[in-house]
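Structure file structure38.pdb (PDB, C-alpha atoms) is printed below.
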ATOM      1  CA  MET F 141       0.067   3.659 -39.165
ATOM      2  CA  LYS F 142       1.476   3.219 -35.684
ATOM      3  CA  THR F 143      -0.181   0.465 -33.682
ATOM      4  CA  ALA F 144      -0.150  -0.386 -29.982
ATOM      5  CA  VAL F 145      -0.538  -3.992 -28.791
ATOM      6  CA  ILE F 146      -1.603  -3.892 -25.134
ATOM      7  CA  VAL F 147       0.131  -6.502 -22.969
ATOM      8  CA  PHE F 148      -1.487  -7.675 -19.732
ATOM      9  CA  PRO F 149      -0.029 -10.207 -17.334
ATOM     10  CA  GLY F 150      -1.336 -13.399 -18.921
ATOM     11  CA  SER F 151      -1.709 -12.128 -22.499
ATOM     12  CA  ASN F 152      -0.463 -14.833 -24.850
ATOM     13  CA  CYS F 153      -1.444 -13.690 -28.340
ATOM     14  CA  ASP F 154       0.413 -10.385 -28.112
ATOM     15  CA  GLN F 155       3.356 -11.636 -30.187
ATOM     16  CA  ASP F 156       1.081 -13.077 -32.900
ATOM     17  CA  MET F 157      -0.659  -9.704 -33.086
ATOM     18  CA  TYR F 158       2.684  -7.884 -33.193
ATOM     19  CA  TYR F 159       4.005  -9.974 -36.080
ATOM     20  CA  ALA F 160       0.731  -9.811 -38.025
ATOM     21  CA  ILE F 161       1.150  -6.038 -38.053
ATOM     22  CA  LYS F 162       4.930  -5.848 -38.366
ATOM     23  CA  ASP F 163       5.485  -8.585 -40.962
ATOM     24  CA  GLY F 164       1.987  -9.086 -42.382
ATOM     25  CA  LEU F 165       1.213  -5.400 -42.834
ATOM     26  CA  GLY F 166       4.742  -3.990 -42.733
ATOM     27  CA  GLU F 167       3.676  -1.248 -40.329
ATOM     28  CA  GLU F 168       5.128   0.154 -37.132
ATOM     29  CA  VAL F 169       3.971  -1.554 -33.919
ATOM     30  CA  ASP F 170       4.866  -1.408 -30.208
ATOM     31  CA  TYR F 171       3.992  -3.465 -27.178
ATOM     32  CA  VAL F 172       2.381  -1.282 -24.502
ATOM     33  CA  TRP F 173       2.439  -2.629 -20.934
ATOM     34  CA  HIS F 174      -0.880  -2.564 -19.054
ATOM     35  CA  ALA F 175       0.505  -0.249 -16.356
ATOM     36  CA  GLU F 176       1.147   2.554 -18.881
ATOM     37  CA  THR F 177      -1.397   5.342 -18.903
ATOM     38  CA  SER F 178      -1.111   6.936 -22.349
ATOM     39  CA  LEU F 179      -1.713   5.819 -25.919
ATOM     40  CA  ASP F 180      -0.990   9.222 -27.442
ATOM     41  CA  GLY F 181       0.731   8.902 -30.799
ATOM     42  CA  TYR F 182      -0.847   5.562 -31.687
ATOM     43  CA  ASP F 183      -3.285   5.285 -34.580
ATOM     44  CA  ALA F 184      -4.706   1.865 -33.791
ATOM     45  CA  ILE F 185      -5.076  -0.163 -30.570
ATOM     46  CA  MET F 186      -5.031  -3.962 -30.391
ATOM     47  CA  ILE F 187      -6.128  -5.892 -27.283
ATOM     48  CA  PRO F 188      -4.810  -9.416 -27.759
ATOM     49  CA  GLY F 189      -6.011 -12.787 -26.537
ATOM     50  CA  GLY F 190      -4.804 -14.743 -23.554
ATOM     51  CA  PHE F 191      -5.760 -15.098 -19.929
ATOM     52  CA  SER F 192      -5.231 -11.660 -18.427
ATOM     53  CA  TYR F 193      -4.890 -11.919 -14.640
ATOM     54  CA  GLY F 194      -5.484 -15.660 -14.905
ATOM     55  CA  ASP F 195      -9.136 -15.051 -15.885
ATOM     56  CA  TYR F 196      -9.724 -14.673 -12.128
ATOM     57  CA  LEU F 197     -13.269 -13.684 -11.119
ATOM     58  CA  ARG F 198     -14.418 -13.508 -14.790
ATOM     59  CA  SER F 199     -12.529 -13.274 -18.073
ATOM     60  CA  GLY F 200     -11.481  -9.664 -18.563
ATOM     61  CA  ALA F 201     -13.006  -8.445 -15.290
ATOM     62  CA  ILE F 202      -9.724  -7.415 -13.665
ATOM     63  CA  ALA F 203      -7.983  -6.254 -16.852
ATOM     64  CA  ARG F 204     -10.836  -3.830 -17.370
ATOM     65  CA  PHE F 205      -9.463  -1.773 -14.450
ATOM     66  CA  ALA F 206      -5.793  -1.817 -15.571
ATOM     67  CA  GLY F 207      -3.933   1.483 -15.748
ATOM     68  CA  ILE F 208      -4.006   1.568 -19.555
ATOM     69  CA  MET F 209      -7.780   1.153 -19.846
ATOM     70  CA  PRO F 210      -8.749   4.836 -19.490
ATOM     71  CA  ALA F 211      -6.405   5.485 -22.429
ATOM     72  CA  VAL F 212      -8.053   2.676 -24.434
ATOM     73  CA  ILE F 213     -11.484   4.163 -23.710
ATOM     74  CA  LYS F 214     -10.195   7.605 -24.689
ATOM     75  CA  ALA F 215      -8.785   6.240 -27.969
ATOM     76  CA  ALA F 216     -12.154   4.602 -28.666
ATOM     77  CA  GLU F 217     -13.929   7.896 -28.023
ATOM     78  CA  GLN F 218     -11.489   9.657 -30.355
ATOM     79  CA  GLY F 219     -12.563   7.281 -33.113
ATOM     80  CA  LYS F 220      -9.314   5.337 -33.361
ATOM     81  CA  PRO F 221      -9.709   1.704 -34.409
ATOM     82  CA  VAL F 222      -9.744  -0.576 -31.355
ATOM     83  CA  LEU F 223      -9.669  -4.330 -31.989
ATOM     84  CA  GLY F 224     -10.218  -6.828 -29.163
ATOM     85  CA  VAL F 225      -9.613 -10.466 -29.996
ATOM     86  CA  CYS F 226     -10.701 -13.332 -27.732
ATOM     87  CA  ASN F 227      -9.697 -12.203 -24.208
ATOM     88  CA  GLY F 228      -9.484  -8.734 -25.779
ATOM     89  CA  PHE F 229     -13.160  -9.014 -26.746
ATOM     90  CA  GLN F 230     -13.990 -10.146 -23.200
ATOM     91  CA  ILE F 231     -12.151  -7.084 -21.830
ATOM     92  CA  LEU F 232     -14.086  -4.747 -24.180
ATOM     93  CA  LEU F 233     -17.358  -6.283 -22.919
ATOM     94  CA  GLU F 234     -16.340  -5.890 -19.273
ATOM     95  CA  ALA F 235     -15.265  -2.313 -19.983
ATOM     96  CA  GLY F 236     -18.672  -1.559 -21.466
ATOM     97  CA  LEU F 237     -17.221  -0.519 -24.843
ATOM     98  CA  LEU F 238     -19.346  -3.298 -26.358
ATOM     99  CA  PRO F 239     -22.639  -4.725 -25.012
ATOM    100  CA  GLY F 240     -23.256  -8.210 -23.620
ATOM    101  CA  ALA F 241     -21.187 -10.753 -21.690
ATOM    102  CA  MET F 242     -19.452 -14.087 -22.179
ATOM    103  CA  LEU F 243     -20.599 -17.394 -20.711
ATOM    104  CA  LYS F 244     -18.731 -20.679 -20.630
ATOM    105  CA  ASN F 245     -18.942 -22.607 -23.896
ATOM    106  CA  LYS F 246     -22.172 -24.547 -24.166
ATOM    107  CA  HIS F 247     -20.413 -27.913 -23.986
ATOM    108  CA  LEU F 248     -17.873 -26.618 -21.429
ATOM    109  CA  LYS F 249     -14.882 -27.655 -23.537
ATOM    110  CA  PHE F 250     -12.053 -25.318 -24.389
ATOM    111  CA  ILE F 251     -12.236 -25.318 -28.187
ATOM    112  CA  CYS F 252      -9.126 -24.843 -30.305
ATOM    113  CA  GLU F 253      -9.830 -25.284 -34.006
ATOM    114  CA  THR F 254     -10.181 -23.413 -37.271
ATOM    115  CA  VAL F 255     -13.787 -22.473 -37.984
ATOM    116  CA  ASN F 256     -15.794 -21.012 -40.853
ATOM    117  CA  LEU F 257     -16.751 -17.412 -40.236
ATOM    118  CA  LYS F 258     -19.294 -15.494 -42.251
ATOM    119  CA  VAL F 259     -18.657 -11.815 -42.912
ATOM    120  CA  GLU F 260     -22.066 -10.294 -42.137
ATOM    121  CA  ASN F 261     -20.998  -6.684 -42.519
ATOM    122  CA  ASN F 262     -18.223  -5.713 -44.931
ATOM    123  CA  GLU F 263     -18.843  -1.982 -44.586
ATOM    124  CA  THR F 264     -16.853  -1.527 -41.366
ATOM    125  CA  GLN F 265     -13.310  -0.168 -41.405
ATOM    126  CA  PHE F 266     -12.169  -3.654 -40.333
ATOM    127  CA  THR F 267     -13.844  -5.611 -43.122
ATOM    128  CA  THR F 268     -13.823  -3.629 -46.377
ATOM    129  CA  LEU F 269     -11.497  -6.125 -48.078
ATOM    130  CA  TYR F 270     -13.961  -8.978 -47.551
ATOM    131  CA  ASP F 271     -17.069  -9.665 -49.616
ATOM    132  CA  LYS F 272     -20.422  -9.558 -47.887
ATOM    133  CA  ASP F 273     -21.403 -13.081 -46.789
ATOM    134  CA  GLU F 274     -17.916 -14.353 -47.641
ATOM    135  CA  VAL F 275     -16.937 -17.392 -45.565
ATOM    136  CA  ILE F 276     -13.398 -17.201 -44.207
ATOM    137  CA  ARG F 277     -11.281 -19.670 -42.219
ATOM    138  CA  ILE F 278     -10.070 -18.300 -38.861
ATOM    139  CA  PRO F 279      -8.956 -20.189 -35.723
ATOM    140  CA  ILE F 280     -10.751 -19.996 -32.400
ATOM    141  CA  ALA F 281      -9.222 -20.915 -29.021
ATOM    142  CA  HIS F 282     -11.462 -20.223 -26.047
ATOM    143  CA  GLY F 283     -13.397 -21.707 -23.141
ATOM    144  CA  GLU F 284     -15.691 -18.718 -22.661
ATOM    145  CA  GLY F 285     -16.873 -17.518 -26.044
ATOM    146  CA  ASN F 286     -20.564 -18.144 -25.573
ATOM    147  CA  TYR F 287     -21.752 -14.608 -26.282
ATOM    148  CA  PHE F 288     -24.841 -13.573 -24.350
ATOM    149  CA  CYS F 289     -26.993 -10.468 -24.522
ATOM    150  CA  ASP F 290     -30.628  -9.719 -23.738
ATOM    151  CA  ASP F 291     -33.357  -9.548 -26.400
ATOM    152  CA  ALA F 292     -33.331  -5.759 -26.625
ATOM    153  CA  THR F 293     -29.554  -5.687 -27.194
ATOM    154  CA  LEU F 294     -29.734  -8.410 -29.830
ATOM    155  CA  LYS F 295     -32.470  -6.515 -31.665
ATOM    156  CA  GLU F 296     -30.382  -3.357 -31.544
ATOM    157  CA  LEU F 297     -27.299  -5.199 -32.869
ATOM    158  CA  GLU F 298     -29.285  -6.782 -35.694
ATOM    159  CA  GLU F 299     -31.143  -3.642 -36.728
ATOM    160  CA  ASN F 300     -27.993  -1.553 -36.888
ATOM    161  CA  ASN F 301     -25.896  -4.150 -38.692
ATOM    162  CA  ARG F 302     -23.502  -4.375 -35.737
ATOM    163  CA  ILE F 303     -23.013  -8.141 -35.978
ATOM    164  CA  VAL F 304     -19.861  -8.272 -38.087
ATOM    165  CA  PHE F 305     -18.993 -11.991 -37.978
ATOM    166  CA  THR F 306     -21.099 -15.091 -37.308
ATOM    167  CA  TYR F 307     -20.135 -18.744 -37.143
ATOM    168  CA  SER F 308     -21.042 -20.413 -40.423
ATOM    169  CA  GLY F 309     -22.354 -23.954 -40.121
ATOM    170  CA  GLU F 310     -22.037 -25.405 -36.644
ATOM    171  CA  ASN F 311     -21.940 -22.918 -33.780
ATOM    172  CA  PRO F 312     -18.967 -24.088 -31.670
ATOM    173  CA  ASN F 313     -19.813 -22.381 -28.359
ATOM    174  CA  GLY F 314     -23.561 -21.732 -28.208
ATOM    175  CA  SER F 315     -23.313 -17.951 -28.718
ATOM    176  CA  ARG F 316     -26.542 -16.035 -29.240
ATOM    177  CA  ALA F 317     -27.516 -15.682 -32.896
ATOM    178  CA  ASP F 318     -24.217 -17.424 -33.825
ATOM    179  CA  ILE F 319     -22.383 -14.184 -32.986
ATOM    180  CA  ALA F 320     -18.586 -14.283 -33.343
ATOM    181  CA  GLY F 321     -17.864 -10.548 -33.557
ATOM    182  CA  ILE F 322     -19.704  -7.247 -32.954
ATOM    183  CA  ILE F 323     -18.917  -3.565 -33.405
ATOM    184  CA  ASN F 324     -19.834  -0.401 -31.494
ATOM    185  CA  PRO F 325     -22.333   2.142 -32.891
ATOM    186  CA  ALA F 326     -19.530   4.461 -34.087
ATOM    187  CA  GLY F 327     -17.956   1.595 -36.019
ATOM    188  CA  ASN F 328     -14.418   1.856 -34.583
ATOM    189  CA  VAL F 329     -14.432  -0.742 -31.777
ATOM    190  CA  LEU F 330     -14.588  -4.370 -32.931
ATOM    191  CA  GLY F 331     -14.622  -7.374 -30.601
ATOM    192  CA  MET F 332     -14.321 -10.905 -31.948
ATOM    193  CA  MET F 333     -13.609 -14.325 -30.482
ATOM    194  CA  PRO F 334     -11.768 -15.775 -33.544
ATOM    195  CA  HIS F 335      -8.096 -14.918 -34.025
ATOM    196  CA  PRO F 336      -7.352 -13.087 -37.318
ATOM    197  CA  GLU F 337      -3.723 -12.624 -36.182
ATOM    198  CA  ARG F 338      -3.294 -16.400 -36.174
ATOM    199  CA  ALA F 339      -4.418 -16.515 -39.802
ATOM    200  CA  ALA F 340      -2.222 -13.768 -41.205
ATOM    201  CA  ASP F 341       0.173 -15.945 -43.222
ATOM    202  CA  ALA F 342      -0.547 -18.842 -45.614
ATOM    203  CA  LEU F 343       2.243 -20.753 -43.864
ATOM    204  CA  LEU F 344       0.012 -20.817 -40.767
ATOM    205  CA  GLY F 345      -2.776 -22.534 -42.699
ATOM    206  CA  SER F 346      -4.801 -19.464 -43.654
ATOM    207  CA  ASP F 347      -4.158 -15.835 -44.493
ATOM    208  CA  ASP F 348      -7.834 -14.902 -44.390
ATOM    209  CA  GLY F 349      -7.173 -12.845 -41.250
ATOM    210  CA  LEU F 350      -4.627 -10.553 -42.892
ATOM    211  CA  ARG F 351      -7.288  -8.676 -44.865
ATOM    212  CA  LEU F 352      -8.796  -7.480 -41.568
ATOM    213  CA  PHE F 353      -5.538  -5.685 -40.723
ATOM    214  CA  GLN F 354      -5.172  -4.471 -44.316
ATOM    215  CA  SER F 355      -8.703  -3.051 -44.129
ATOM    216  CA  ILE F 356      -7.754  -1.048 -41.014
ATOM    217  CA  LEU F 357      -4.607   0.235 -42.768
ATOM    218  CA  ASN F 358      -6.532   1.218 -45.921
ATOM    219  CA  HIS F 359      -9.078   3.101 -43.861
ATOM    220  CA  TRP F 360      -6.344   4.867 -41.920
ATOM    221  CA  ARG F 361      -4.547   5.871 -45.133
ATOM    222  CA  GLU F 362      -7.756   7.180 -46.677
ATOM    223  CA  SER F 363      -8.702   9.165 -43.577
ATOM    224  CA  THR F 364      -5.237  10.686 -43.110
ATOM    225  CA  HIS F 365      -5.028  11.460 -46.841
ATOM    226  CA  ALA F 366      -8.422  13.167 -46.639
ATOM    227  CA  ALA F 367      -7.176  15.179 -43.648
ATOM    228  CA  TYR F 368      -4.104  16.382 -45.581
ATOM    229  CA  THR F 369      -5.994  17.367 -48.712
ATOM    230  CA  SER F 370      -9.004  19.026 -47.102
TER
ATOM    231  CA  MET X 239     -14.665  -4.738  11.396
ATOM    232  CA  LYS X 240     -17.447  -6.134   9.270
ATOM    233  CA  LYS X 241     -17.491  -9.435   7.473
ATOM    234  CA  VAL X 242     -19.443  -9.196   4.224
ATOM    235  CA  LYS X 243     -20.644 -12.409   2.605
ATOM    236  CA  VAL X 244     -21.375 -11.857  -1.070
ATOM    237  CA  TYR X 245     -23.359 -14.413  -3.092
ATOM    238  CA  ILE X 246     -23.223 -14.123  -6.880
ATOM    239  CA  THR X 247     -25.624 -16.150  -8.989
ATOM    240  CA  LEU X 248     -26.410 -16.382 -12.681
ATOM    241  CA  LYS X 249     -29.653 -14.701 -13.660
ATOM    242  CA  GLU X 250     -32.593 -17.053 -14.164
ATOM    243  CA  SER X 251     -32.700 -16.244 -17.881
ATOM    244  CA  VAL X 252     -29.067 -17.312 -18.372
ATOM    245  CA  LEU X 253     -28.244 -20.941 -19.140
ATOM    246  CA  ASP X 254     -25.639 -22.448 -16.779
ATOM    247  CA  PRO X 255     -23.577 -25.059 -18.684
ATOM    248  CA  GLN X 256     -21.555 -25.904 -15.542
ATOM    249  CA  GLY X 257     -24.697 -26.511 -13.514
ATOM    250  CA  GLN X 258     -26.102 -28.683 -16.313
ATOM    251  CA  ALA X 259     -22.935 -30.812 -16.357
ATOM    252  CA  VAL X 260     -23.014 -31.250 -12.575
ATOM    253  CA  MET X 261     -26.693 -32.180 -12.671
ATOM    254  CA  GLN X 262     -25.975 -34.769 -15.362
ATOM    255  CA  SER X 263     -23.244 -36.241 -13.184
ATOM    256  CA  LEU X 264     -25.593 -36.395 -10.185
ATOM    257  CA  HIS X 265     -28.197 -38.157 -12.312
ATOM    258  CA  ASN X 266     -25.545 -40.617 -13.471
ATOM    259  CA  MET X 267     -24.832 -41.263  -9.769
ATOM    260  CA  ASP X 268     -28.561 -42.023  -9.405
ATOM    261  CA  TYR X 269     -29.549 -38.877  -7.484
ATOM    262  CA  LYS X 270     -32.625 -38.510  -9.659
ATOM    263  CA  ASP X 271     -34.395 -36.168  -7.230
ATOM    264  CA  VAL X 272     -32.037 -33.348  -8.201
ATOM    265  CA  LYS X 273     -34.063 -31.315 -10.672
ATOM    266  CA  ASP X 274     -31.744 -28.371 -11.314
ATOM    267  CA  VAL X 275     -28.236 -27.192 -10.445
ATOM    268  CA  ARG X 276     -27.102 -23.567 -10.627
ATOM    269  CA  ILE X 277     -23.495 -22.706  -9.811
ATOM    270  CA  GLY X 278     -22.513 -19.352  -8.373
ATOM    271  CA  LYS X 279     -19.716 -17.654  -6.461
ATOM    272  CA  TYR X 280     -19.269 -16.883  -2.790
ATOM    273  CA  ILE X 281     -16.927 -14.044  -1.827
ATOM    274  CA  GLU X 282     -16.006 -12.819   1.679
ATOM    275  CA  LEU X 283     -14.898  -9.249   2.259
ATOM    276  CA  LEU X 284     -13.456  -8.005   5.528
ATOM    277  CA  MET X 285     -14.180  -4.305   5.805
ATOM    278  CA  GLU X 286     -13.505  -1.416   8.123
ATOM    279  CA  ASP X 287     -16.484  -0.207  10.139
ATOM    280  CA  SER X 288     -18.070   2.766   8.459
ATOM    281  CA  ALA X 289     -21.485   4.269   8.006
ATOM    282  CA  ASP X 290     -21.637   3.404   4.322
ATOM    283  CA  VAL X 291     -20.479  -0.234   4.256
ATOM    284  CA  ALA X 292     -23.590  -1.359   2.357
ATOM    285  CA  GLU X 293     -23.172   1.443  -0.146
ATOM    286  CA  GLN X 294     -19.538   0.479  -0.735
ATOM    287  CA  VAL X 295     -20.447  -3.186  -1.156
ATOM    288  CA  ASP X 296     -23.112  -2.289  -3.716
ATOM    289  CA  THR X 297     -20.545  -0.268  -5.636
ATOM    290  CA  VAL X 298     -17.841  -2.951  -5.715
ATOM    291  CA  CYS X 299     -20.403  -5.605  -6.663
ATOM    292  CA  ASP X 300     -21.695  -3.477  -9.534
ATOM    293  CA  LYS X 301     -18.225  -2.453 -10.713
ATOM    294  CA  LEU X 302     -16.164  -5.599 -10.277
ATOM    295  CA  LEU X 303     -17.464  -8.570  -8.298
ATOM    296  CA  ALA X 304     -20.549  -9.247 -10.428
ATOM    297  CA  ASN X 305     -21.297  -8.719 -14.103
ATOM    298  CA  THR X 306     -24.870  -7.512 -13.916
ATOM    299  CA  VAL X 307     -25.489  -8.388 -17.576
ATOM    300  CA  ILE X 308     -25.561 -12.067 -16.572
ATOM    301  CA  GLU X 309     -25.347 -12.169 -12.763
ATOM    302  CA  ASN X 310     -27.305 -11.115  -9.664
ATOM    303  CA  TYR X 311     -25.763 -10.544  -6.252
ATOM    304  CA  ARG X 312     -26.904 -10.348  -2.652
ATOM    305  CA  TYR X 313     -24.893 -10.007   0.543
ATOM    306  CA  GLU X 314     -25.011 -10.224   4.319
ATOM    307  CA  ILE X 315     -23.069  -7.907   6.617
ATOM    308  CA  GLU X 316     -21.968  -9.427   9.921
ATOM    309  CA  GLU X 317     -20.014  -8.148  12.889
ATOM    310  CA  GLU X 318     -16.518  -9.677  12.776
ATOM    311  CA  VAL X 319     -15.635 -10.874  16.273
ATOM    312  CA  HIS X 320     -11.947 -10.411  17.057
ATOM    313  CA  SER X 321     -10.293 -13.446  18.564
TER
END

Could the structure of this file be written out as structure tokens, please?
Amino acid sequence: MKTAVIVFPGSNCDQDMYYAIKDGLGEEVDYVWHAETSLDGYDAIMIPGGFSYGDYLRSGAIARFAGIMPAVIKAAEQGKPVLGVCNGFQILLEAGLLPGAMLKNKHLKFICETVNLKVENNETQFTTLYDKDEVIRIPIAHGEGNYFCDDATLKELEENNRIVFTYSGENPNGSRADIAGIINPAGNVLGMMPHPERAADALLGSDDGLRLFQSILNHWRESTHAAYTS
Amino acid sequence: MKKVKVYITLKESVLDPQGQAVMQSLHNMDYKDVKDVRIGKYIELLMEDSADVAEQVDTVCDKLLANTVIENYRYEIEEEVHS
């Protein structure tokens, strides 16, 4: 599986993402600069955390119009796995690949701590190696992770099992329905505020995040195997 | 040239944590008459004269300047006087 990690000016979790895939998964991975215009040849796309374009105007608002974004949208439409973490999630929201928007954290503080996350849906290609309702330990680090959507969108997310992760116990940022991560209707674009790439090695305090990347790899192997044998 | 003054505000249904913090501070300073604070953005655009200035402003507000999931916008178009 060949993975692209998109790098914007101001990305700062790109190297964590790179090493989670290279060393954690043992798979091929490249950095792709935001000014590139093609993602042909990549099987999976990662949009890392950080402060793209200084978070000017709104988090993710300017990155959404970067040169690489039409290729990200194309990859999403082709059904390739697209994972947006933290600022990556904010960019996916601004790009309209996922519904809703981010507000400043309820108590305004930038929160950097490891939280308990509940796996609400373990039937996505990102979560098959987790148990349903399993509580995992993953770090968060954000000032604007207060997920907001209107009532109709929330109902749609709930009814179609598109809420993949929720905060378990105390909600750190005031997000609607304790949402920490949601997926698109096709099930190949996941946005989440917590950082699985920062929890991909027990040495870092938790390796609960590694199974997310392993789930993507398993799904990719199964789908390419099916393509060869059919 | 036209000067466009764009005002971006959070929708009424959206909680404004920044505004709440500022209101709390004002109350702590004893300005008890302040009953609500909502914080928004003010953006000035200087634009070439053209027949469709308003149309262009609507487009850039919808696409970039405002996030219409959580924000409303309004604007005023003024004649920019050259000095």

Residues of chain X no more than 8 Å from chain F, counting all atoms listed in the file: send them over as a ChimeraX atom specification. /X:255-256,302-303,305,307-308

Students should find that CA of Met285 (chain X) and CA of Ile315 (chain X) are spaced 9.6 Å

Q.
Would you pick out the contacts of region 343-356 of chain F at 8 Å or less, using only C-alpha atoms, so that residues sharing its chain but fewer than 2 positions from it are not included, and give the list as a VMD selection string?
A. chain F and resid 160 to 161 164 to 165 221 265 to 270 276 to 278 335 to 341 358 to 360

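CA of Leu248 (chain X) is found 27.3 Å from CA of Phe148 (chain F).
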
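Take CA of Ile185 (chain F) and CA of Ser363 (chain F): the distance between them is 16.4 Å.
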
Residues within 10 Å of Val272 (chain X), all atoms listed in the file, excluding chain neighbours under 4 positions, as JSON, numbers by chain: {"X": [261, 262, 264, 265, 268]}

- Message: I'd like the residues picked by the PyMOL selection byres ((chain F and resi 232) around 10) written out as a ChimeraX atom specification, using the chain letters and numbers from the file.
- Response: /F:187,200-201,203-204,209,212-213,222-231,233-241,329-332

Is it possible to add all heavy atoms to region 271-277 of chain X and hand it back as a PDB file, in the coordinates of the input?
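result_34.pdb, written as the output of this step:
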ATOM      1  N   ASP X 271     -33.543 -37.213  -7.798  1.00  0.00           N
ATOM      2  CA  ASP X 271     -34.395 -36.168  -7.230  1.00  0.00           C
ATOM      3  C   ASP X 271     -33.853 -34.765  -7.506  1.00  0.00           C
ATOM      4  O   ASP X 271     -34.568 -33.785  -7.338  1.00  0.00           O
ATOM      5  CB  ASP X 271     -34.534 -36.360  -5.715  1.00  0.00           C
ATOM      6  CG  ASP X 271     -35.494 -37.496  -5.372  1.00  0.00           C
ATOM      7  OD1 ASP X 271     -36.126 -38.025  -6.325  1.00  0.00           O
ATOM      8  OD2 ASP X 271     -35.592 -37.857  -4.192  1.00  0.00           O
ATOM      9  N   VAL X 272     -32.609 -34.671  -7.902  1.00  0.00           N
ATOM     10  CA  VAL X 272     -32.037 -33.348  -8.201  1.00  0.00           C
ATOM     11  C   VAL X 272     -32.619 -32.866  -9.521  1.00  0.00           C
ATOM     12  O   VAL X 272     -32.413 -33.489 -10.560  1.00  0.00           O
ATOM     13  CB  VAL X 272     -30.504 -33.411  -8.283  1.00  0.00           C
ATOM     14  CG1 VAL X 272     -29.940 -32.042  -8.635  1.00  0.00           C
ATOM     15  CG2 VAL X 272     -29.916 -33.910  -6.964  1.00  0.00           C
ATOM     16  N   LYS X 273     -33.365 -31.783  -9.475  1.00  0.00           N
ATOM     17  CA  LYS X 273     -34.063 -31.315 -10.672  1.00  0.00           C
ATOM     18  C   LYS X 273     -33.364 -30.146 -11.354  1.00  0.00           C
ATOM     19  O   LYS X 273     -33.645 -29.834 -12.505  1.00  0.00           O
ATOM     20  CB  LYS X 273     -35.507 -30.921 -10.314  1.00  0.00           C
ATOM     21  CG  LYS X 273     -36.363 -32.117  -9.921  1.00  0.00           C
ATOM     22  CD  LYS X 273     -36.379 -33.168 -11.049  1.00  0.00           C
ATOM     23  CE  LYS X 273     -37.003 -34.464 -10.582  1.00  0.00           C
ATOM     24  NZ  LYS X 273     -36.575 -35.619 -11.409  1.00  0.00           N
ATOM     25  N   ASP X 274     -32.485 -29.455 -10.653  1.00  0.00           N
ATOM     26  CA  ASP X 274     -31.744 -28.371 -11.314  1.00  0.00           C
ATOM     27  C   ASP X 274     -30.512 -28.053 -10.483  1.00  0.00           C
ATOM     28  O   ASP X 274     -30.524 -28.239  -9.261  1.00  0.00           O
ATOM     29  CB  ASP X 274     -32.612 -27.111 -11.451  1.00  0.00           C
ATOM     30  CG  ASP X 274     -32.041 -26.124 -12.464  1.00  0.00           C
ATOM     31  OD1 ASP X 274     -31.144 -26.524 -13.246  1.00  0.00           O
ATOM     32  OD2 ASP X 274     -32.481 -24.962 -12.480  1.00  0.00           O
ATOM     33  N   VAL X 275     -29.455 -27.619 -11.131  1.00  0.00           N
ATOM     34  CA  VAL X 275     -28.236 -27.192 -10.445  1.00  0.00           C
ATOM     35  C   VAL X 275     -27.813 -25.852 -11.040  1.00  0.00           C
ATOM     36  O   VAL X 275     -27.725 -25.709 -12.259  1.00  0.00           O
ATOM     37  CB  VAL X 275     -27.085 -28.216 -10.614  1.00  0.00           C
ATOM     38  CG1 VAL X 275     -25.816 -27.704  -9.945  1.00  0.00           C
ATOM     39  CG2 VAL X 275     -27.482 -29.569 -10.053  1.00  0.00           C
ATOM     40  N   ARG X 276     -27.601 -24.882 -10.179  1.00  0.00           N
ATOM     41  CA  ARG X 276     -27.102 -23.567 -10.627  1.00  0.00           C
ATOM     42  C   ARG X 276     -25.839 -23.283  -9.828  1.00  0.00           C
ATOM     43  O   ARG X 276     -25.861 -23.351  -8.590  1.00  0.00           O
ATOM     44  CB  ARG X 276     -28.120 -22.461 -10.358  1.00  0.00           C
ATOM     45  CG  ARG X 276     -29.511 -22.739 -10.892  1.00  0.00           C
ATOM     46  CD  ARG X 276     -29.652 -22.455 -12.356  1.00  0.00           C
ATOM     47  NE  ARG X 276     -29.568 -21.031 -12.647  1.00  0.00           N
ATOM     48  CZ  ARG X 276     -29.522 -20.567 -13.909  1.00  0.00           C
ATOM     49  NH1 ARG X 276     -29.528 -21.410 -14.930  1.00  0.00           N
ATOM     50  NH2 ARG X 276     -29.448 -19.274 -14.140  1.00  0.00           N
ATOM     51  N   ILE X 277     -24.762 -22.952 -10.497  1.00  0.00           N
ATOM     52  CA  ILE X 277     -23.495 -22.706  -9.811  1.00  0.00           C
ATOM     53  C   ILE X 277     -23.237 -21.201  -9.732  1.00  0.00           C
ATOM     54  O   ILE X 277     -23.434 -20.484 -10.710  1.00  0.00           O
ATOM     55  CB  ILE X 277     -22.348 -23.440 -10.532  1.00  0.00           C
ATOM     56  CG1 ILE X 277     -22.578 -24.950 -10.402  1.00  0.00           C
ATOM     57  CG2 ILE X 277     -20.985 -23.032  -9.962  1.00  0.00           C
ATOM     58  CD1 ILE X 277     -21.546 -25.803 -11.083  1.00  0.00           C
TER      59      ILE X 277
END
